[in-house]
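Trainee: This is structure20.tsv (TSV, C-alpha atoms).
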```tsv
chain	number	residue	atom	x	y	z
X	59	MET	CA	0.00	0.00	0.00
X	60	SER	CA	1.41	3.39	-0.90
X	61	GLY	CA	1.62	6.20	1.63
X	62	HIS	CA	-1.19	8.01	-0.16
X	63	GLU	CA	-3.78	5.39	0.66
X	64	LEU	CA	-5.68	5.01	3.87
X	65	HIS	CA	-5.44	1.69	5.62
X	66	PRO	CA	-8.48	-0.48	4.69
X	67	LEU	CA	-9.51	-0.62	8.33
X	68	ILE	CA	-9.58	3.20	8.52
X	69	LYS	CA	-11.83	3.21	5.47
X	70	GLN	CA	-14.14	0.76	7.20
X	71	LEU	CA	-14.10	3.04	10.23
X	72	LEU	CA	-15.11	6.05	8.12
X	73	ASP	CA	-17.83	3.95	6.49
X	74	GLY	CA	-19.21	3.18	9.95
X	75	ASP	CA	-18.65	-0.56	9.56
X	76	ILE	CA	-16.32	-0.77	12.57
X	77	THR	CA	-15.54	1.42	15.62
X	78	LEU	CA	-12.30	2.87	16.95
X	79	ALA	CA	-12.17	0.04	19.47
X	80	ASP	CA	-11.96	-2.46	16.61
X	81	LEU	CA	-8.75	-0.88	15.30
X	82	PRO	CA	-5.35	-2.22	16.32
X	83	ALA	CA	-3.61	0.15	18.72
X	84	GLU	CA	-1.15	1.40	16.10
X	85	LEU	CA	-3.98	2.66	13.88
X	86	ARG	CA	-6.10	4.38	16.54
X	87	ALA	CA	-4.45	7.80	16.36
X	88	GLU	CA	-4.83	7.85	12.59
X	89	GLY	CA	-8.42	6.66	12.94
X	90	GLU	CA	-9.23	9.42	15.43
X	91	ALA	CA	-7.71	12.06	13.14
X	92	ALA	CA	-9.73	10.76	10.18
X	93	LEU	CA	-12.96	10.85	12.19
X	94	ARG	CA	-12.19	14.39	13.40
X	95	LEU	CA	-11.73	15.48	9.82
X	96	LEU	CA	-14.99	13.88	8.76
X	97	ALA	CA	-16.78	15.63	11.61
X	98	GLY	CA	-15.78	18.92	9.97
X	99	VAL	CA	-17.89	18.25	6.88
X	100	ASP	CA	-20.33	21.10	6.36
X	101	ARG	CA	-23.80	19.67	6.97
X	102	THR	CA	-25.50	23.04	7.34
X	103	ASP	CA	-29.03	23.00	5.96
X	104	VAL	CA	-29.59	25.04	2.83
X	105	SER	CA	-32.91	26.71	2.14
X	106	MET	CA	-34.00	28.13	-1.21
X	107	PRO	CA	-37.31	29.88	-0.58
X	108	ALA	CA	-37.11	31.89	-3.81
X	109	VAL	CA	-37.05	28.77	-5.97
X	110	THR	CA	-40.82	28.25	-5.81
X	111	TRP	CA	-41.77	31.59	-7.32
X	112	ARG	CA	-38.79	31.55	-9.67
X	113	VAL	CA	-39.93	28.22	-11.12
X	114	MET	CA	-43.59	29.24	-11.33
X	115	ALA	CA	-42.68	32.64	-12.80
X	116	GLN	CA	-40.48	30.99	-15.42
X	117	LEU	CA	-43.26	28.59	-16.42
X	118	GLU	CA	-45.77	31.44	-16.53
X	119	ARG	CA	-43.44	33.70	-18.52
X	120	ARG	CA	-42.96	30.96	-21.08
X	121	ARG	CA	-46.70	30.33	-21.28
X	122	ARG	CA	-47.33	34.05	-21.84
X	123	ARG	CA	-44.84	34.07	-24.69
X	124	PHE	CA	-46.81	31.32	-26.43
X	125	LEU	CA	-50.29	32.58	-25.57
X	126	PRO	CA	-50.52	35.46	-28.07
X	127	TRP	CA	-49.40	33.07	-30.83
X	128	LEU	CA	-52.06	30.58	-29.84
X	129	LEU	CA	-54.72	33.28	-29.68
X	130	ALA	CA	-53.66	35.12	-32.81
X	131	PRO	CA	-55.48	32.86	-35.34
X	132	ALA	CA	-58.67	32.96	-33.25
X	133	LEU	CA	-58.47	36.73	-32.96
X	134	ALA	CA	-57.85	37.04	-36.69
X	135	ILE	CA	-60.90	34.89	-37.45
X	136	ALA	CA	-63.04	36.86	-34.96
X	137	ALA	CA	-61.89	40.18	-36.41
X	138	ALA	CA	-62.54	38.94	-39.94
X	139	LEU	CA	-66.07	37.84	-38.98
X	140	VAL	CA	-66.86	41.22	-37.43
X	141	VAL	CA	-65.59	43.01	-40.51
X	142	TRP	CA	-67.51	40.67	-42.80
X	143	LEU	CA	-70.76	40.81	-40.81
X	144	VAL	CA	-70.71	44.52	-40.03
X	145	PRO	CA	-68.49	46.00	-42.67
X	146	ARG	CA	-69.05	49.60	-41.60
X	147	THR	CA	-68.21	49.00	-37.92
X	148	PRO	CA	-64.52	49.58	-37.06
X	149	ALA	CA	-62.71	46.38	-36.02
X	150	PRO	CA	-62.27	46.13	-32.24
X	151	ALA	CA	-58.81	46.52	-30.73
X	152	SER	CA	-57.10	43.15	-30.27
X	153	LEU	CA	-57.70	41.61	-26.89
X	154	VAL	CA	-55.41	39.17	-25.21
X	155	THR	CA	-56.25	36.94	-22.27
X	156	VAL	CA	-53.52	36.90	-19.67
X	157	ARG	CA	-53.21	35.06	-16.41
X	158	PHE	CA	-51.39	36.79	-13.57
X	159	VAL	CA	-49.76	34.54	-10.98
X	160	LEU	CA	-48.12	35.32	-7.67
X	161	VAL	CA	-46.82	32.77	-5.17
X	162	ALA	CA	-47.53	34.23	-1.74
X	163	PRO	CA	-48.21	31.44	0.78
X	164	ASP	CA	-48.51	33.82	3.75
X	165	ALA	CA	-50.81	36.38	2.12
X	166	LYS	CA	-54.42	36.81	3.29
X	167	GLN	CA	-55.44	38.60	0.11
X	168	VAL	CA	-53.79	39.65	-3.13
X	169	SER	CA	-55.04	42.01	-5.79
X	170	LEU	CA	-53.82	43.65	-8.98
X	171	ALA	CA	-53.52	47.37	-9.49
X	172	GLY	CA	-52.48	48.78	-12.81
X	173	THR	CA	-53.09	51.06	-15.72
X	174	PHE	CA	-55.94	48.78	-16.81
X	175	ASN	CA	-57.98	49.42	-13.61
X	176	GLN	CA	-56.88	52.98	-12.75
X	177	TRP	CA	-54.52	51.59	-10.10
X	178	ASP	CA	-57.46	50.62	-7.91
X	179	PRO	CA	-56.22	47.95	-5.47
X	180	GLN	CA	-59.82	46.86	-4.76
X	181	ALA	CA	-60.79	46.34	-8.39
X	182	THR	CA	-59.07	43.09	-9.35
X	183	PRO	CA	-58.65	40.52	-6.57
X	184	LEU	CA	-56.63	37.37	-7.23
X	185	VAL	CA	-58.02	33.99	-6.23
X	186	ARG	CA	-56.01	31.59	-4.14
X	187	ALA	CA	-55.66	28.11	-5.67
X	188	GLY	CA	-56.60	25.91	-2.71
X	189	ALA	CA	-53.94	25.77	-0.03
X	190	THR	CA	-51.07	26.13	-2.46
X	191	GLY	CA	-50.14	29.74	-1.85
X	192	VAL	CA	-50.52	30.40	-5.58
X	193	TRP	CA	-52.77	33.36	-6.39
X	194	THR	CA	-54.12	33.91	-9.88
X	195	ALA	CA	-56.33	36.26	-11.87
X	196	THR	CA	-57.21	35.97	-15.53
X	197	LEU	CA	-57.88	39.21	-17.40
X	198	THR	CA	-58.63	40.06	-20.99
X	199	LEU	CA	-56.72	43.21	-21.86
X	200	PRO	CA	-56.30	45.28	-25.00
X	201	ALA	CA	-53.06	44.77	-26.88
X	202	GLY	CA	-50.42	47.31	-25.91
X	203	GLN	CA	-48.33	48.07	-22.88
X	204	HIS	CA	-49.69	47.86	-19.33
X	205	GLN	CA	-48.06	48.66	-16.01
X	206	TYR	CA	-49.12	46.96	-12.81
X	207	ALA	CA	-48.17	45.65	-9.39
X	208	PHE	CA	-49.57	43.10	-6.97
X	209	VAL	CA	-51.02	44.44	-3.74
X	210	VAL	CA	-50.54	41.99	-0.89
X	211	ASP	CA	-52.86	42.25	2.12
X	212	GLY	CA	-54.04	45.65	0.94
X	213	ALA	CA	-50.79	47.35	1.86
X	214	ARG	CA	-47.68	45.85	0.30
X	215	TRP	CA	-47.07	46.65	-3.37
X	216	VAL	CA	-45.03	43.92	-5.02
X	217	PRO	CA	-43.76	43.94	-8.61
X	218	ASP	CA	-44.35	40.75	-10.59
X	219	PRO	CA	-41.21	38.60	-10.15
X	220	GLY	CA	-41.82	37.12	-13.59
X	221	ALA	CA	-41.98	40.38	-15.55
X	222	PRO	CA	-39.66	43.30	-16.31
X	223	ALA	CA	-40.12	46.33	-14.08
X	224	ILE	CA	-39.55	50.07	-14.35
X	225	ASP	CA	-39.24	52.84	-11.79
X	226	ASP	CA	-42.54	54.68	-11.34
X	227	GLY	CA	-40.77	57.92	-10.36
X	228	PHE	CA	-42.03	57.68	-6.77
X	229	GLY	CA	-39.59	55.10	-5.52
X	230	ARG	CA	-41.67	52.07	-6.43
X	231	ARG	CA	-41.23	49.50	-9.19
X	232	ASN	CA	-44.02	48.78	-11.62
X	233	SER	CA	-44.11	45.63	-13.71
X	234	VAL	CA	-44.52	46.01	-17.42
X	235	LEU	CA	-46.62	43.74	-19.62
X	236	THR	CA	-46.53	44.18	-23.37
X	237	LEU	CA	-49.27	42.42	-25.31
H	39	MET	CA	-60.94	14.54	2.36
H	40	ARG	CA	-57.27	15.40	2.56
H	41	PRO	CA	-56.36	19.11	2.30
H	42	GLU	CA	-54.56	20.04	-0.91
H	43	SER	CA	-51.36	20.91	0.96
H	44	GLN	CA	-51.10	17.29	2.17
H	45	ALA	CA	-52.01	15.69	-1.13
H	46	ALA	CA	-49.82	12.79	-2.21
H	47	ASP	CA	-47.23	13.45	-4.91
H	48	GLY	CA	-49.05	11.18	-7.38
H	49	GLU	CA	-52.29	13.10	-6.91
H	50	ILE	CA	-50.56	16.44	-7.58
H	51	VAL	CA	-48.70	15.12	-10.63
H	52	ARG	CA	-51.95	13.86	-12.13
H	53	ALA	CA	-53.69	17.19	-11.39
H	54	VAL	CA	-50.89	19.14	-13.08
H	55	LEU	CA	-51.01	16.86	-16.12
H	56	ALA	CA	-54.76	17.39	-16.26
H	57	GLY	CA	-54.21	21.15	-16.58
H	58	ASP	CA	-54.08	22.43	-12.99
H	59	ARG	CA	-50.64	23.93	-13.54
H	60	GLU	CA	-50.50	26.01	-10.37
H	61	ARG	CA	-50.48	22.91	-8.21
H	62	TYR	CA	-46.95	22.23	-9.40
H	63	ALA	CA	-45.91	24.91	-6.88
H	64	GLN	CA	-46.83	22.42	-4.15
H	65	LEU	CA	-44.25	19.93	-5.40
H	66	VAL	CA	-41.61	22.65	-5.72
H	67	GLU	CA	-42.37	23.90	-2.22
H	68	ARG	CA	-42.24	20.36	-0.86
H	69	TYR	CA	-38.91	19.30	-2.33
H	70	ARG	CA	-36.87	22.40	-3.13
H	71	ASP	CA	-35.04	22.38	0.22
H	72	ARG	CA	-34.71	18.60	0.49
H	73	TYR	CA	-32.12	18.59	-2.28
H	74	ALA	CA	-30.80	22.14	-1.85
H	75	ARG	CA	-27.94	20.93	0.30
H	76	TYR	CA	-27.06	18.09	-2.08
H	77	ALA	CA	-26.90	20.50	-5.03
H	78	THR	CA	-24.90	23.05	-3.04
H	79	ARG	CA	-22.28	20.52	-1.97
H	80	MET	CA	-22.13	19.05	-5.47
H	81	LEU	CA	-21.62	22.40	-7.17
H	82	GLY	CA	-19.70	24.19	-4.44
H	83	SER	CA	-21.84	27.31	-4.60
H	84	VAL	CA	-25.29	28.19	-3.28
H	85	ASP	CA	-26.01	30.41	-6.30
H	86	ALA	CA	-25.11	27.69	-8.80
H	87	ALA	CA	-27.13	25.19	-6.79
H	88	GLU	CA	-30.20	27.44	-6.75
H	89	ASP	CA	-30.02	27.78	-10.54
H	90	ALA	CA	-29.65	24.01	-10.87
H	91	VAL	CA	-32.61	23.27	-8.58
H	92	GLN	CA	-34.78	25.80	-10.43
H	93	ASP	CA	-33.76	24.42	-13.81
H	94	ALA	CA	-34.38	20.84	-12.67
H	95	PHE	CA	-37.91	21.70	-11.55
H	96	VAL	CA	-38.65	23.38	-14.89
H	97	ARG	CA	-37.28	20.35	-16.77
H	98	ALA	CA	-39.29	18.01	-14.55
H	99	TYR	CA	-42.42	20.02	-15.38
H	100	ASP	CA	-41.67	19.77	-19.09
H	101	GLN	CA	-41.16	16.01	-18.86
H	102	LEU	CA	-43.85	15.31	-16.28
H	103	ALA	CA	-45.81	13.06	-18.64
H	104	GLN	CA	-42.74	10.79	-18.68
H	105	CYS	CA	-42.86	10.29	-14.91
H	106	LYS	CA	-44.01	6.67	-15.06
H	107	GLU	CA	-44.72	6.37	-11.36
H	108	PRO	CA	-46.19	9.69	-10.17
H	109	GLU	CA	-46.15	8.43	-6.56
H	110	LYS	CA	-42.36	8.32	-6.84
H	111	PHE	CA	-42.03	11.83	-8.23
H	112	VAL	CA	-39.30	12.76	-5.78
H	113	GLY	CA	-36.95	9.92	-6.81
H	114	TRP	CA	-37.53	10.75	-10.46
H	115	PHE	CA	-36.94	14.46	-9.80
H	116	PHE	CA	-33.71	13.67	-7.95
H	117	LEU	CA	-32.29	11.97	-11.06
H	118	ILE	CA	-33.10	15.07	-13.15
H	119	LEU	CA	-31.38	17.30	-10.61
H	120	ARG	CA	-28.45	14.91	-10.46
H	121	ASN	CA	-28.00	15.03	-14.25
H	122	ARG	CA	-28.19	18.81	-14.10
H	123	CYS	CA	-25.50	18.93	-11.38
H	124	PHE	CA	-23.21	16.57	-13.30
H	125	ALA	CA	-23.65	18.60	-16.49
H	126	GLU	CA	-22.86	21.79	-14.60
H	127	ARG	CA	-19.76	20.19	-13.10
H	128	ARG	CA	-18.58	19.16	-16.57
H	129	ARG	CA	-19.11	22.70	-17.84
H	130	ASN	CA	-17.26	24.31	-14.98
H	131	ARG	CA	-14.70	21.64	-14.25
H	132	SER	CA	-11.86	24.11	-14.25
H	133	SER	CA	-13.57	26.74	-12.17
H	134	ALA	CA	-13.72	24.97	-8.83
H	135	SER	CA	-12.21	27.87	-7.02
H	136	LEU	CA	-11.20	28.86	-3.58
H	137	GLU	CA	-14.05	31.35	-3.65
H	138	MET	CA	-16.56	28.56	-4.19
H	139	ALA	CA	-15.12	26.54	-1.33
H	140	ASN	CA	-15.38	29.56	0.91
H	141	ASP	CA	-18.96	30.06	-0.19
H	142	VAL	CA	-19.88	26.58	0.97
H	143	ALA	CA	-17.89	26.80	4.16
H	144	ALA	CA	-18.99	30.34	4.94
H	145	VAL	CA	-21.19	29.24	7.82
H	146	ASP	CA	-18.52	28.16	10.23
H	147	ARG	CA	-19.95	26.83	13.41
H	148	ALA	CA	-18.92	28.37	16.69
H	149	ASP	CA	-17.58	25.13	18.16
H	150	GLY	CA	-14.03	25.45	16.93
H	151	GLY	CA	-11.15	27.85	16.64
H	152	ALA	CA	-9.36	29.23	13.62
H	153	GLU	CA	-7.56	25.94	13.09
H	154	THR	CA	-10.83	24.01	12.88
H	155	ALA	CA	-12.33	26.59	10.54
H	156	GLU	CA	-9.27	26.34	8.32
H	157	GLN	CA	-9.55	22.55	8.36
H	158	ARG	CA	-13.16	22.80	7.27
H	159	ARG	CA	-12.31	25.12	4.43
H	160	ALA	CA	-9.48	22.82	3.38
H	161	LEU	CA	-11.91	19.91	3.41
H	162	GLN	CA	-14.42	21.80	1.24
H	163	ARG	CA	-11.64	22.68	-1.20
H	164	ALA	CA	-10.52	19.06	-1.28
H	165	LEU	CA	-14.10	17.89	-1.92
H	166	LEU	CA	-14.21	20.13	-4.97
H	167	GLU	CA	-11.23	18.25	-6.36
H	168	LEU	CA	-12.99	14.87	-6.28
H	169	THR	CA	-14.59	13.55	-9.43
H	170	ALA	CA	-18.35	14.12	-9.60
H	171	ASP	CA	-18.98	10.40	-8.98
H	172	GLN	CA	-16.74	10.32	-5.93
H	173	ARG	CA	-18.10	13.54	-4.61
H	174	GLU	CA	-21.69	12.47	-5.00
H	175	VAL	CA	-21.29	9.32	-2.96
H	176	PHE	CA	-19.38	11.28	-0.31
H	177	VAL	CA	-22.11	13.94	-0.13
H	178	LEU	CA	-24.95	11.43	0.00
H	179	LYS	CA	-23.30	9.41	2.74
H	180	HIS	CA	-21.52	11.96	4.90
H	181	VAL	CA	-23.60	15.10	4.33
H	182	GLU	CA	-27.07	13.68	3.67
H	183	GLY	CA	-26.50	10.78	6.06
H	184	LEU	CA	-27.78	8.01	3.77
H	185	SER	CA	-26.63	4.42	4.11
H	186	TYR	CA	-24.89	2.64	1.25
H	187	GLY	CA	-28.09	0.64	0.72
H	188	GLU	CA	-30.19	3.79	0.38
H	189	ILE	CA	-27.69	5.38	-2.00
H	190	ALA	CA	-27.52	2.22	-4.11
H	191	GLU	CA	-31.30	2.19	-4.42
H	192	ARG	CA	-31.47	5.86	-5.32
H	193	LEU	CA	-28.75	5.64	-7.96
H	194	SER	CA	-29.67	2.15	-9.18
H	195	THR	CA	-26.18	0.82	-8.57
H	196	SER	CA	-24.47	-1.76	-6.36
H	197	ILE	CA	-23.07	-1.27	-2.87
H	198	PRO	CA	-19.58	-2.62	-3.81
H	199	SER	CA	-19.25	-0.09	-6.64
H	200	LEU	CA	-20.30	2.72	-4.31
H	201	LYS	CA	-17.77	1.61	-1.72
H	202	MET	CA	-15.07	1.52	-4.37
H	203	ARG	CA	-15.88	5.12	-5.33
H	204	MET	CA	-15.96	6.20	-1.72
H	205	HIS	CA	-12.67	4.55	-0.83
H	206	ARG	CA	-11.00	6.27	-3.76
H	207	ALA	CA	-12.47	9.50	-2.49
H	208	TYR	CA	-10.99	8.86	0.97
H	209	ASP	CA	-7.57	8.30	-0.56
H	210	LYS	CA	-7.80	11.44	-2.63
H	211	LEU	CA	-8.96	13.50	0.33
H	212	ARG	CA	-6.15	12.15	2.44
H	213	GLU	CA	-3.66	13.13	-0.22
H	214	GLN	CA	-5.10	16.64	-0.45
H	215	LEU	CA	-5.33	17.13	3.29
H	216	ARG	CA	-1.94	15.86	4.32
H	217	ASP	CA	-1.01	19.09	6.05
H	218	HIS	CA	-4.29	19.39	7.90
H	219	THR	CA	-4.48	16.05	9.70
```
What do you get writing this file as structure tokens?

Mentor:
Amino acid sequence: MSGHELHPLIKQLLDGDITLADLPAELRAEGEAALRLLAGVDRTDVSMPAVTWRVMAQLERRRRRFLPWLLAPALAIAAALVVWLVPRTPAPASLVTVRFVLVAPDAKQVSLAGTFNQWDPQATPLVRAGATGVWTATLTLPAGQHQYAFVVDGARWVPDPGAPAIDDGFGRRNSVLTL
Amino acid sequence: MRPESQAADGEIVRAVLAGDRERYAQLVERYRDRYARYATRMLGSVDAAEDAVQDAFVRAYDQLAQCKEPEKFVGWFFLILRNRCFAERRRNRSSASLEMANDVAAVDRADGGAETAEQRRALQRALLELTADQREVFVLKHVEGLSYGEIAERLSTSIPSLKMRMHRAYDKLREQLRDHT
């Protein structure tokens, strides 16, 4: 055995197959040192609370990217029908259905305030999906750019973690949704 | 009826596949921390581990229909995270740095002096030098506290091959830590 290798009995000790008392006397000091070293392994728990909303926001963001493409043919057909049936009526502005999602397990209530509801925090409550802590609201909005924020428990304004945000000029961040 | 928060994994997987996407958050919430430590020790950095765990959950969502046994979602998810960690290690093989070792060992417990803290850091650095296979078996046994039998079941391998990996890891660590023992 080369000097770089641990004695097989020390390996068995580290594996927990034998105890220090099972080692011959000449190996005990080395065994103790090896166990001391192993005791220094970092077993600190690691918590990643942000992962839940990061995952859900990423899934939602991706879904939103696809949604307008899925809706586009239907909207085109609807617009064509309106034009065909009522040729003198101007075609309506394109509407897009969007689902807003916020993961807030500790919230008692969540609502949406934005340019589409005159920033009224009472106007658009989100619904909690069972006991999951996931809050959602589905809105149909005109195509274009909208700014918004979530309002948690009527007091805390939270930008959407899954959307880009801009400074509102008053020290707060508004999320931006472009449809 | 069981509350949603206590629903079995299989029930949640089936609900998500049936279109109730938001319930996937329950699975993420349930398992994100269970493997956070594994990913952190495998990658040597909390930030890299968080990215890996997030990415693994997104991949698992994409492939959820391929989860043959929804009741065993967690074991299936672990293999996705494991692949992600191994791929990340291959990408960044040369960047296992002192900084990363310090990141992992940043939370030094108060039960030792400077010498012990230095030993811990040296150990974290040495762990980063192991191959991914060696490191994984070391982390699962000595950080996660699993038995060889449990590790063998999780990785679908044999106990003798795990022991061989581990014993090589011991030798390598000994070589690296000569001055600290």

Trainee: Pick out the chain X residues within 8 Å of chain H. Count all atoms listed in the file. Give them as a ChimeraX atom specification.

Mentor: /X:62-64,69,91-92,95-96,98-107,109-114,116-117,187-190,192

Trainee: Got a sec: who's within 9 Å of H:Arg203, counting only C-alpha atoms, leaving out chain neighbours fewer than 3 positions off, as a list in words?

Mentor: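 Contacts, in chain order: Asp171, Gln172, Arg173, Val175, Phe176, Pro198, Ser199, Leu200, Arg206, Ala207 and Tyr208 of chain H.
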
Trainee: Please report the interatomic distance between atom CA of X:Trp215 and atom CA of X:Thr196 in Å with one decimal.

Mentor: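 Between atom CA of X:Trp215 and atom CA of X:Thr196 the gap works out to 19.1 Å.
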
Trainee: Would you mind telling me which residue in X:Arg86, X:Arg214, X:Arg120, X:His204 lies nearest to X:Ala165 when using all atoms listed in the file?

Mentor: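 Closest candidate: X:Arg214.
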
Trainee: Counting all atoms listed in the file, which of H:Ala164, H:Leu178, H:Ala56, H:Cys123 gets nearest to H:Ala103?

Mentor: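 Looking at the shortest contact to H:Ala103, the residue is H:Ala56.
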
Trainee: What is the atom CA of H:Thr195 to atom CA of H:Arg129 distance in Å?

Mentor: 24.8 Å

Trainee: What separation in Å, quoted to one decimal, exists between atom CA of X:Ala195 and atom CA of X:Ala181?

Mentor: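 Straight-line distance from atom CA of X:Ala195 to atom CA of X:Ala181 works out to 11.6 Å.
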
Trainee: Could stretch 103-130 of chain H be completed with N, CA and C atoms and returned as a short mmCIF file (atom, residue, chain, number, x, y, z; two decimals), keeping the file's coordinate frame?

Mentor:
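Contents of rebuild02.cif, as written:
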```cif
data_model
loop_
_atom_site.label_atom_id
_atom_site.label_comp_id
_atom_site.auth_asym_id
_atom_site.auth_seq_id
_atom_site.Cartn_x
_atom_site.Cartn_y
_atom_site.Cartn_z
N ALA H 103 -45.04 14.17 -18.06
CA ALA H 103 -45.81 13.06 -18.64
C ALA H 103 -44.95 11.79 -18.69
N GLN H 104 -43.63 11.97 -18.63
CA GLN H 104 -42.74 10.79 -18.68
C GLN H 104 -42.47 10.20 -17.30
N CYS H 105 -43.02 10.81 -16.27
CA CYS H 105 -42.86 10.29 -14.91
C CYS H 105 -43.79 9.08 -14.77
N LYS H 106 -43.20 7.89 -14.96
CA LYS H 106 -44.01 6.67 -15.06
C LYS H 106 -44.74 6.35 -13.76
N GLU H 107 -44.08 6.67 -12.64
CA GLU H 107 -44.72 6.37 -11.36
C GLU H 107 -44.89 7.69 -10.60
N PRO H 108 -46.00 8.37 -10.81
CA PRO H 108 -46.19 9.69 -10.17
C PRO H 108 -46.01 9.67 -8.65
N GLU H 109 -46.31 8.52 -8.03
CA GLU H 109 -46.15 8.43 -6.56
C GLU H 109 -44.67 8.56 -6.18
N LYS H 110 -43.79 8.24 -7.15
CA LYS H 110 -42.36 8.32 -6.84
C LYS H 110 -41.75 9.53 -7.52
N PHE H 111 -42.51 10.60 -7.58
CA PHE H 111 -42.03 11.83 -8.23
C PHE H 111 -40.67 12.26 -7.70
N VAL H 112 -40.51 12.18 -6.37
CA VAL H 112 -39.30 12.76 -5.78
C VAL H 112 -38.03 12.02 -6.23
N GLY H 113 -38.11 10.69 -6.35
CA GLY H 113 -36.95 9.92 -6.81
C GLY H 113 -36.63 10.25 -8.26
N TRP H 114 -37.68 10.41 -9.05
CA TRP H 114 -37.53 10.75 -10.46
C TRP H 114 -36.94 12.16 -10.60
N PHE H 115 -37.44 13.08 -9.77
CA PHE H 115 -36.94 14.46 -9.80
C PHE H 115 -35.45 14.48 -9.40
N PHE H 116 -35.10 13.67 -8.39
CA PHE H 116 -33.71 13.67 -7.95
C PHE H 116 -32.76 13.33 -9.11
N LEU H 117 -33.17 12.37 -9.95
CA LEU H 117 -32.29 11.97 -11.06
C LEU H 117 -32.14 13.11 -12.07
N ILE H 118 -33.20 13.91 -12.25
CA ILE H 118 -33.10 15.07 -13.15
C ILE H 118 -32.14 16.10 -12.56
N LEU H 119 -32.28 16.34 -11.27
CA LEU H 119 -31.38 17.30 -10.61
C LEU H 119 -29.94 16.79 -10.65
N ARG H 120 -29.78 15.51 -10.44
CA ARG H 120 -28.45 14.91 -10.46
C ARG H 120 -27.80 15.12 -11.83
N ASN H 121 -28.55 14.84 -12.90
CA ASN H 121 -28.00 15.03 -14.25
C ASN H 121 -27.61 16.49 -14.46
N ARG H 122 -28.45 17.37 -13.96
CA ARG H 122 -28.19 18.81 -14.10
C ARG H 122 -26.89 19.19 -13.37
N CYS H 123 -26.71 18.63 -12.16
CA CYS H 123 -25.50 18.93 -11.38
C CYS H 123 -24.26 18.38 -12.08
N PHE H 124 -24.37 17.16 -12.61
CA PHE H 124 -23.21 16.57 -13.30
C PHE H 124 -22.87 17.38 -14.55
N ALA H 125 -23.90 17.81 -15.28
CA ALA H 125 -23.65 18.60 -16.49
C ALA H 125 -22.97 19.93 -16.12
N GLU H 126 -23.43 20.52 -15.04
CA GLU H 126 -22.86 21.79 -14.60
C GLU H 126 -21.40 21.60 -14.19
N ARG H 127 -21.14 20.49 -13.52
CA ARG H 127 -19.76 20.19 -13.10
C ARG H 127 -18.87 20.02 -14.34
N ARG H 128 -19.39 19.36 -15.35
CA ARG H 128 -18.58 19.16 -16.57
C ARG H 128 -18.27 20.51 -17.22
N ARG H 129 -19.30 21.38 -17.22
CA ARG H 129 -19.11 22.70 -17.84
C ARG H 129 -18.07 23.52 -17.10
N ASN H 130 -18.11 23.43 -15.78
CA ASN H 130 -17.26 24.31 -14.98
C ASN H 130 -16.15 23.55 -14.27
#
```
